[in-house]
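Peer 1: Hey, dropping protein_25.pdb in here, PDB, C-alpha atoms, pLDDT in the B column:
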ATOM      1  CA  MET H   1       8.958 -10.128  12.327  1.00 37.00           C
ATOM      2  CA  ALA H   2      10.718  -9.100   9.156  1.00 43.00           C
ATOM      3  CA  LYS H   3       8.566  -7.493   6.507  1.00 51.00           C
ATOM      4  CA  ILE H   4       8.074  -9.244   3.172  1.00 47.00           C
ATOM      5  CA  PHE H   5       9.648  -6.377   1.249  1.00 50.00           C
ATOM      6  CA  GLN H   6      12.998  -6.163   3.032  1.00 48.00           C
ATOM      7  CA  VAL H   7      14.445  -2.919   4.335  1.00 52.00           C
ATOM      8  CA  THR H   8      17.599  -3.457   2.254  1.00 51.00           C
ATOM      9  CA  ALA H   9      15.538  -3.562  -0.951  1.00 54.00           C
ATOM     10  CA  ARG H  10      13.803  -0.333   0.016  1.00 57.00           C
ATOM     11  CA  ALA H  11      17.148   1.283   0.725  1.00 58.00           C
ATOM     12  CA  GLY H  12      18.338   0.251  -2.728  1.00 61.00           C
ATOM     13  CA  MET H  13      15.229   1.766  -4.315  1.00 66.00           C
ATOM     14  CA  THR H  14      15.829   4.967  -2.373  1.00 67.00           C
ATOM     15  CA  ARG H  15      19.284   5.306  -3.916  1.00 76.00           C
ATOM     16  CA  VAL H  16      17.707   5.031  -7.361  1.00 80.00           C
ATOM     17  CA  VAL H  17      14.925   7.489  -6.533  1.00 85.00           C
ATOM     18  CA  GLU H  18      17.079  10.202  -4.929  1.00 88.00           C
ATOM     19  CA  PRO H  19      18.503  11.649  -8.195  1.00 91.00           C
ATOM     20  CA  ILE H  20      14.968  11.854  -9.627  1.00 92.00           C
ATOM     21  CA  ALA H  21      13.749  13.541  -6.460  1.00 91.00           C
ATOM     22  CA  ARG H  22      16.520  16.142  -6.621  1.00 92.00           C
ATOM     23  CA  ALA H  23      15.774  16.878 -10.277  1.00 94.00           C
ATOM     24  CA  LEU H  24      12.072  17.367  -9.600  1.00 93.00           C
ATOM     25  CA  LEU H  25      12.751  19.678  -6.661  1.00 93.00           C
ATOM     26  CA  ARG H  26      15.126  21.765  -8.787  1.00 94.00           C
ATOM     27  CA  ALA H  27      12.372  22.015 -11.406  1.00 95.00           C
ATOM     28  CA  GLY H  28       9.990  23.404  -8.788  1.00 93.00           C
ATOM     29  CA  VAL H  29       7.820  20.280  -8.463  1.00 94.00           C
ATOM     30  CA  THR H  30       6.436  19.788  -4.959  1.00 93.00           C
ATOM     31  CA  PRO H  31       6.069  16.478  -3.090  1.00 93.00           C
ATOM     32  CA  ASN H  32       2.305  17.058  -2.902  1.00 94.00           C
ATOM     33  CA  ALA H  33       2.114  17.385  -6.697  1.00 95.00           C
ATOM     34  CA  VAL H  34       3.941  14.067  -7.062  1.00 94.00           C
ATOM     35  CA  THR H  35       1.544  12.469  -4.569  1.00 94.00           C
ATOM     36  CA  VAL H  36      -1.497  13.556  -6.575  1.00 95.00           C
ATOM     37  CA  ALA H  37       0.103  12.628  -9.924  1.00 95.00           C
ATOM     38  CA  GLY H  38       0.967   9.177  -8.606  1.00 94.00           C
ATOM     39  CA  THR H  39      -2.605   8.626  -7.477  1.00 95.00           C
ATOM     40  CA  VAL H  40      -3.976   9.709 -10.853  1.00 96.00           C
ATOM     41  CA  GLY H  41      -1.579   7.283 -12.545  1.00 95.00           C
ATOM     42  CA  VAL H  42      -2.727   4.409 -10.331  1.00 94.00           C
ATOM     43  CA  LEU H  43      -6.354   5.261 -11.114  1.00 96.00           C
ATOM     44  CA  VAL H  44      -5.613   5.162 -14.840  1.00 96.00           C
ATOM     45  CA  GLY H  45      -3.820   1.836 -14.537  1.00 96.00           C
ATOM     46  CA  ALA H  46      -6.459   0.235 -12.332  1.00 96.00           C
ATOM     47  CA  LEU H  47      -9.680   1.607 -13.820  1.00 96.00           C
ATOM     48  CA  GLY H  48      -8.562   2.317 -17.366  1.00 96.00           C
ATOM     49  CA  PHE H  49      -6.699  -0.944 -17.951  1.00 96.00           C
ATOM     50  CA  GLY H  50      -7.087  -3.475 -15.130  1.00 95.00           C
ATOM     51  CA  ALA H  51     -10.868  -3.267 -14.821  1.00 96.00           C
ATOM     52  CA  ARG H  52     -11.171  -3.785 -18.579  1.00 95.00           C
ATOM     53  CA  GLY H  53      -9.088  -6.958 -18.510  1.00 94.00           C
ATOM     54  CA  HIS H  54      -5.763  -5.517 -19.694  1.00 95.00           C
ATOM     55  CA  LEU H  55      -4.036  -7.019 -16.681  1.00 95.00           C
ATOM     56  CA  VAL H  56      -0.408  -6.837 -17.814  1.00 95.00           C
ATOM     57  CA  THR H  57      -0.636  -3.167 -18.804  1.00 95.00           C
ATOM     58  CA  GLY H  58      -2.672  -2.343 -15.719  1.00 95.00           C
ATOM     59  CA  ALA H  59      -0.220  -4.063 -13.385  1.00 93.00           C
ATOM     60  CA  LEU H  60       2.775  -2.326 -14.938  1.00 93.00           C
ATOM     61  CA  VAL H  61       1.147   1.134 -14.881  1.00 94.00           C
ATOM     62  CA  VAL H  62      -0.003   0.714 -11.276  1.00 92.00           C
ATOM     63  CA  THR H  63       3.446  -0.496 -10.194  1.00 88.00           C
ATOM     64  CA  VAL H  64       5.251   2.434 -11.830  1.00 88.00           C
ATOM     65  CA  PHE H  65       2.954   5.038 -10.327  1.00 89.00           C
ATOM     66  CA  ALA H  66       2.774   3.325  -6.942  1.00 85.00           C
ATOM     67  CA  LEU H  67       6.528   3.900  -6.675  1.00 82.00           C
ATOM     68  CA  THR H  68       5.810   7.627  -6.453  1.00 85.00           C
ATOM     69  CA  ASP H  69       4.908   6.847  -2.836  1.00 82.00           C
ATOM     70  CA  LEU H  70       8.642   6.432  -2.288  1.00 83.00           C
ATOM     71  CA  LEU H  71       9.480   9.396  -4.509  1.00 89.00           C
ATOM     72  CA  ASP H  72       7.301  11.968  -2.737  1.00 90.00           C
ATOM     73  CA  GLY H  73       8.588  10.822   0.642  1.00 87.00           C
ATOM     74  CA  THR H  74      12.182  11.239  -0.524  1.00 89.00           C
ATOM     75  CA  MET H  75      11.387  14.695  -1.905  1.00 91.00           C
ATOM     76  CA  ALA H  76       9.761  15.716   1.375  1.00 90.00           C
ATOM     77  CA  ARG H  77      12.808  14.591   3.324  1.00 89.00           C
ATOM     78  CA  MET H  78      15.180  16.458   1.020  1.00 89.00           C
ATOM     79  CA  SER H  79      13.146  19.645   1.268  1.00 87.00           C
ATOM     80  CA  GLY H  80      13.151  19.698   5.048  1.00 83.00           C
ATOM     81  CA  GLY H  81      10.590  17.110   6.078  1.00 76.00           C
ATOM     82  CA  SER H  82       6.959  16.394   5.427  1.00 77.00           C
ATOM     83  CA  THR H  83       4.360  18.976   6.408  1.00 85.00           C
ATOM     84  CA  ARG H  84       1.292  17.975   8.376  1.00 87.00           C
ATOM     85  CA  PHE H  85      -0.886  18.540   5.335  1.00 92.00           C
ATOM     86  CA  GLY H  86       1.560  16.612   3.155  1.00 90.00           C
ATOM     87  CA  ALA H  87       1.340  13.606   5.467  1.00 88.00           C
ATOM     88  CA  PHE H  88      -2.460  13.880   5.508  1.00 92.00           C
ATOM     89  CA  LEU H  89      -2.624  14.153   1.716  1.00 93.00           C
ATOM     90  CA  ASP H  90      -0.288  11.211   1.220  1.00 91.00           C
ATOM     91  CA  SER H  91      -2.332   8.927   3.481  1.00 90.00           C
ATOM     92  CA  SER H  92      -5.596  10.026   1.890  1.00 93.00           C
ATOM     93  CA  MET H  93      -4.336   9.499  -1.660  1.00 94.00           C
ATOM     94  CA  ASP H  94      -3.009   6.064  -0.683  1.00 92.00           C
ATOM     95  CA  ARG H  95      -6.514   5.041   0.387  1.00 93.00           C
ATOM     96  CA  VAL H  96      -7.980   6.356  -2.874  1.00 95.00           C
ATOM     97  CA  ALA H  97      -5.411   4.436  -4.923  1.00 94.00           C
ATOM     98  CA  ASP H  98      -5.820   1.198  -2.944  1.00 93.00           C
ATOM     99  CA  SER H  99      -9.604   1.363  -3.278  1.00 94.00           C
ATOM    100  CA  ALA H 100      -9.271   1.837  -7.032  1.00 95.00           C
ATOM    101  CA  VAL H 101      -6.915  -1.128  -7.393  1.00 96.00           C
ATOM    102  CA  PHE H 102      -9.027  -3.618  -5.471  1.00 96.00           C
ATOM    103  CA  GLY H 103     -12.294  -2.200  -6.784  1.00 96.00           C
ATOM    104  CA  ALA H 104     -10.987  -2.650 -10.335  1.00 97.00           C
ATOM    105  CA  VAL H 105      -9.870  -6.206  -9.596  1.00 96.00           C
ATOM    106  CA  ALA H 106     -13.269  -7.045  -8.097  1.00 97.00           C
ATOM    107  CA  TYR H 107     -15.036  -5.556 -11.137  1.00 97.00           C
ATOM    108  CA  TYR H 108     -12.867  -7.492 -13.577  1.00 96.00           C
ATOM    109  CA  LEU H 109     -13.399 -10.784 -11.749  1.00 96.00           C
ATOM    110  CA  ALA H 110     -17.147 -10.111 -11.611  1.00 97.00           C
ATOM    111  CA  THR H 111     -17.216  -9.713 -15.398  1.00 96.00           C
ATOM    112  CA  GLU H 112     -15.453 -13.083 -15.607  1.00 94.00           C
ATOM    113  CA  GLY H 113     -18.063 -14.679 -13.353  1.00 95.00           C
ATOM    114  CA  ASP H 114     -15.470 -15.547 -10.700  1.00 96.00           C
ATOM    115  CA  ARG H 115     -17.393 -15.212  -7.436  1.00 96.00           C
ATOM    116  CA  VAL H 116     -14.590 -16.678  -5.350  1.00 96.00           C
ATOM    117  CA  GLY H 117     -12.189 -14.108  -6.783  1.00 95.00           C
ATOM    118  CA  VAL H 118     -14.638 -11.264  -6.171  1.00 97.00           C
ATOM    119  CA  ALA H 119     -14.982 -12.338  -2.545  1.00 97.00           C
ATOM    120  CA  ALA H 120     -11.192 -12.393  -2.169  1.00 96.00           C
ATOM    121  CA  ALA H 121     -10.864  -8.914  -3.700  1.00 96.00           C
ATOM    122  CA  LEU H 122     -13.513  -7.523  -1.349  1.00 96.00           C
ATOM    123  CA  VAL H 123     -11.796  -9.083   1.676  1.00 95.00           C
ATOM    124  CA  CYS H 124      -8.521  -7.498   0.537  1.00 94.00           C
ATOM    125  CA  LEU H 125     -10.238  -4.138   0.100  1.00 94.00           C
ATOM    126  CA  ALA H 126     -11.686  -4.256   3.623  1.00 94.00           C
ATOM    127  CA  THR H 127      -8.614  -5.604   5.388  1.00 93.00           C
ATOM    128  CA  GLY H 128      -6.277  -3.246   3.534  1.00 91.00           C
ATOM    129  CA  GLY H 129      -8.210  -0.292   4.904  1.00 91.00           C
ATOM    130  CA  LEU H 130      -8.237  -1.877   8.351  1.00 93.00           C
ATOM    131  CA  VAL H 131      -4.461  -2.387   8.340  1.00 92.00           C
ATOM    132  CA  SER H 132      -3.995   1.332   7.716  1.00 90.00           C
ATOM    133  CA  TYR H 133      -6.734   2.388  10.154  1.00 92.00           C
ATOM    134  CA  VAL H 134      -5.292   0.399  13.057  1.00 93.00           C
ATOM    135  CA  LYS H 135      -1.931   2.112  12.615  1.00 92.00           C
ATOM    136  CA  ALA H 136      -3.453   5.579  12.241  1.00 91.00           C
ATOM    137  CA  ARG H 137      -5.691   5.113  15.282  1.00 93.00           C
ATOM    138  CA  ALA H 138      -2.811   3.849  17.409  1.00 93.00           C
ATOM    139  CA  GLU H 139      -0.615   6.787  16.450  1.00 91.00           C
ATOM    140  CA  GLY H 140      -3.521   9.146  17.160  1.00 90.00           C
ATOM    141  CA  LEU H 141      -3.498   7.790  20.715  1.00 90.00           C
ATOM    142  CA  GLY H 142       0.230   8.432  21.063  1.00 91.00           C
ATOM    143  CA  LEU H 143       1.297   4.816  20.533  1.00 91.00           C
ATOM    144  CA  THR H 144       3.514   3.287  17.829  1.00 89.00           C
ATOM    145  CA  CYS H 145       2.421   0.688  15.317  1.00 89.00           C
ATOM    146  CA  ASN H 146       5.312   0.136  12.900  1.00 85.00           C
ATOM    147  CA  VAL H 147       4.868  -3.633  12.720  1.00 87.00           C
ATOM    148  CA  GLY H 148       3.268  -6.078  10.324  1.00 84.00           C
ATOM    149  CA  ILE H 149       4.308  -8.353   7.488  1.00 85.00           C
ATOM    150  CA  ALA H 150       2.034  -6.743   4.874  1.00 79.00           C
ATOM    151  CA  GLU H 151       2.209  -2.979   4.631  1.00 79.00           C
ATOM    152  CA  ARG H 152       1.018  -1.061   1.566  1.00 82.00           C
ATOM    153  CA  THR H 153       4.032  -1.830  -0.616  1.00 77.00           C
ATOM    154  CA  GLU H 154       3.751  -5.549   0.080  1.00 79.00           C
ATOM    155  CA  ARG H 155       0.007  -5.558  -0.629  1.00 85.00           C
ATOM    156  CA  LEU H 156       0.388  -3.843  -4.004  1.00 86.00           C
ATOM    157  CA  LEU H 157       3.329  -6.079  -4.892  1.00 85.00           C
ATOM    158  CA  ILE H 158       1.349  -9.267  -4.229  1.00 89.00           C
ATOM    159  CA  VAL H 159      -1.730  -8.233  -6.206  1.00 92.00           C
ATOM    160  CA  GLY H 160       0.456  -6.791  -8.974  1.00 91.00           C
ATOM    161  CA  VAL H 161       2.382 -10.034  -9.440  1.00 92.00           C
ATOM    162  CA  GLY H 162      -0.873 -11.989  -9.424  1.00 94.00           C
ATOM    163  CA  GLY H 163      -2.414  -9.743 -12.064  1.00 94.00           C
ATOM    164  CA  LEU H 164       0.715  -9.864 -14.198  1.00 93.00           C
ATOM    165  CA  LEU H 165       0.907 -13.670 -14.139  1.00 95.00           C
ATOM    166  CA  THR H 166      -2.795 -14.017 -14.934  1.00 94.00           C
ATOM    167  CA  GLY H 167      -2.406 -11.585 -17.819  1.00 93.00           C
ATOM    168  CA  LEU H 168       0.468 -13.711 -19.124  1.00 93.00           C
ATOM    169  CA  GLY H 169      -1.716 -16.826 -19.117  1.00 93.00           C
ATOM    170  CA  LEU H 170      -1.355 -18.325 -15.637  1.00 92.00           C
ATOM    171  CA  GLU H 171      -5.095 -18.092 -15.006  1.00 86.00           C
ATOM    172  CA  PRO H 172      -5.425 -18.858 -11.252  1.00 92.00           C
ATOM    173  CA  ALA H 173      -2.541 -16.612 -10.185  1.00 96.00           C
ATOM    174  CA  LEU H 174      -4.602 -13.490  -9.463  1.00 96.00           C
ATOM    175  CA  VAL H 175      -7.166 -15.251  -7.278  1.00 96.00           C
ATOM    176  CA  VAL H 176      -4.436 -17.165  -5.430  1.00 96.00           C
ATOM    177  CA  ALA H 177      -2.589 -13.893  -4.842  1.00 96.00           C
ATOM    178  CA  LEU H 178      -5.747 -12.255  -3.526  1.00 96.00           C
ATOM    179  CA  TRP H 179      -6.427 -15.006  -1.008  1.00 96.00           C
ATOM    180  CA  LEU H 180      -2.778 -14.961   0.055  1.00 95.00           C
ATOM    181  CA  LEU H 181      -3.030 -11.205   0.479  1.00 95.00           C
ATOM    182  CA  ALA H 182      -6.268 -11.518   2.439  1.00 94.00           C
ATOM    183  CA  ALA H 183      -4.584 -13.966   4.817  1.00 94.00           C
ATOM    184  CA  VAL H 184      -1.460 -11.875   5.418  1.00 93.00           C
ATOM    185  CA  SER H 185      -3.554  -8.706   5.795  1.00 93.00           C
ATOM    186  CA  ILE H 186      -5.700 -10.314   8.486  1.00 94.00           C
ATOM    187  CA  PHE H 187      -2.534 -11.536  10.182  1.00 94.00           C
ATOM    188  CA  THR H 188      -1.066  -8.030  10.006  1.00 93.00           C
ATOM    189  CA  VAL H 189      -4.151  -6.557  11.660  1.00 93.00           C
ATOM    190  CA  GLY H 190      -3.724  -9.094  14.453  1.00 94.00           C
ATOM    191  CA  GLN H 191      -0.023  -8.243  14.770  1.00 93.00           C
ATOM    192  CA  ARG H 192      -0.752  -4.556  15.071  1.00 94.00           C
ATOM    193  CA  MET H 193      -3.557  -4.980  17.565  1.00 95.00           C
ATOM    194  CA  ALA H 194      -1.390  -7.228  19.728  1.00 95.00           C
ATOM    195  CA  HIS H 195       1.476  -4.727  19.527  1.00 94.00           C
ATOM    196  CA  VAL H 196      -0.765  -1.847  20.568  1.00 94.00           C
ATOM    197  CA  TYR H 197      -2.303  -3.928  23.371  1.00 94.00           C
ATOM    198  CA  ARG H 198       1.142  -4.656  24.825  1.00 93.00           C
ATOM    199  CA  GLN H 199       2.072  -0.974  24.681  1.00 91.00           C
ATOM    200  CA  ALA H 200      -1.174   0.029  26.373  1.00 90.00           C
ATOM    201  CA  GLN H 201      -0.610  -2.534  29.131  1.00 89.00           C
ATOM    202  CA  GLU H 202       2.979  -1.359  29.665  1.00 86.00           C
ATOM    203  CA  THR H 203       1.845   2.268  29.796  1.00 79.00           C
ATOM    204  CA  ARG H 204      -0.866   1.390  32.294  1.00 77.00           C
ATOM    205  CA  ALA H 205       1.593  -0.555  34.442  1.00 74.00           C
ATOM    206  CA  GLY H 206       4.030   2.368  34.340  1.00 67.00           C
ATOM    207  CA  VAL H 207       1.345   4.802  35.463  1.00 65.00           C
ATOM    208  CA  SER H 208       0.202   2.464  38.240  1.00 60.00           C
ATOM    209  CA  GLY H 209       3.798   1.962  39.381  1.00 58.00           C
TER     210      GLY H 209
END
I need this file expressed as structure tokens, please.
Peer 2:
Amino acid sequence: MAKIFQVTARAGMTRVVEPIARALLRAGVTPNAVTVAGTVGVLVGALGFGARGHLVTGALVVTVFALTDLLDGTMARMSGGSTRFGAFLDSSMDRVADSAVFGAVAYYLATEGDRVGVAAALVCLATGGLVSYVKARAEGLGLTCNVGIAERTERLLIVGVGGLLTGLGLEPALVVALWLLAAVSIFTVGQRMAHVYRQAQETRAGVSG
């Protein structure tokens, strides 16, 4: 199934990011430094602005710094490929950033007395981690898991648009976005588990044959 954020759009973003990546590498900036800086930026946007109700500013700051996920990957590719520690750091910082975003959203909605919204944010927080865990666990077992309609970029895009629209006055948008995200995240977990199950069955049949 095609991902929400199409491959062609990502390719277009890569063409925009590549000149920036080259400039940073020439300046001696490492991909790992960009990874950490991007995470710090997301934390500032989520906790410093979003959690305090400045949803438009928070959404914009988080979106800008979340794009460093594409930038550090491009830099790693240009410099000869990602190191094992670089890949580990990138995944770890992604989890920190995602937790901050959904934790901040849950906190903000709690201050507004929106229990339904808080529940949605907590479901998104749990399922977002599960989406990533299923893939990591599958790859740790030597299987592939590059499927799913809601990967990290899609998840941040959905919650970002919801926060932006709510900040601009469309009050229910954030909660609607969260429940939509919860649904597609649960579906993605199911997709990935089914994909891994089929691979495991094919591997078992191949061994038996």
Peer 1: Show me a table, sorted first by chain and then by increasing residue number, of the residues of range 32-103 of chain H having an atom at most 12 Å from range 16-19 of chain H, each with its shortest atom pair and the distance in Å to one decimal, counting all atoms listed in the file and written as a tab-separated table.
Peer 2:
residue	atom	partner	partner_atom	distance
H:Leu67	CA	H:Val17	CA	9.1
H:Thr68	CA	H:Val17	CA	9.1
H:Asp69	CA	H:Val17	CA	10.7
H:Leu70	CA	H:Val17	CA	7.7
H:Leu71	CA	H:Val17	CA	6.1
H:Asp72	CA	H:Val17	CA	9.6
H:Gly73	CA	H:Val17	CA	10.1
H:Thr74	CA	H:Glu18	CA	6.7
H:Met75	CA	H:Glu18	CA	7.9
H:Ala76	CA	H:Glu18	CA	11.1
H:Arg77	CA	H:Glu18	CA	10.3
H:Met78	CA	H:Glu18	CA	8.8
H:Ser79	CA	H:Glu18	CA	12.0
Peer 1: Let me know the residues the PyMOL selection byres ((chain H and resi 34-50) around 9) catches in the file above, as number ranges by chain.
Peer 2: H: 29-33, 51-69, 71-73, 86, 89-90, 93-94, 96-98, 100-105, 108, 163
Peer 1: CA of Ala120 in chain H and CA of Val175 in chain H, how far apart in Å?
Peer 2: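 Here the two named atoms are 7.1 Å from each other.
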Peer 1: Just so the selection is clear, what residues does the PyMOL selection byres ((chain H and resi 125-141) around 9) cover here, as a PyMOL selection string?
Peer 2: chain H and resi 91+95+98-99+101-103+120-124+142-148+150-152+155+182+185-186+188-189+192-193+196
Peer 1: Which residues come within 7 Å of Val159 in chain H, counting only C-alpha atoms, excluding same-chain residues fewer than 3 positions away, as a count of residues only?
Peer 2: 7
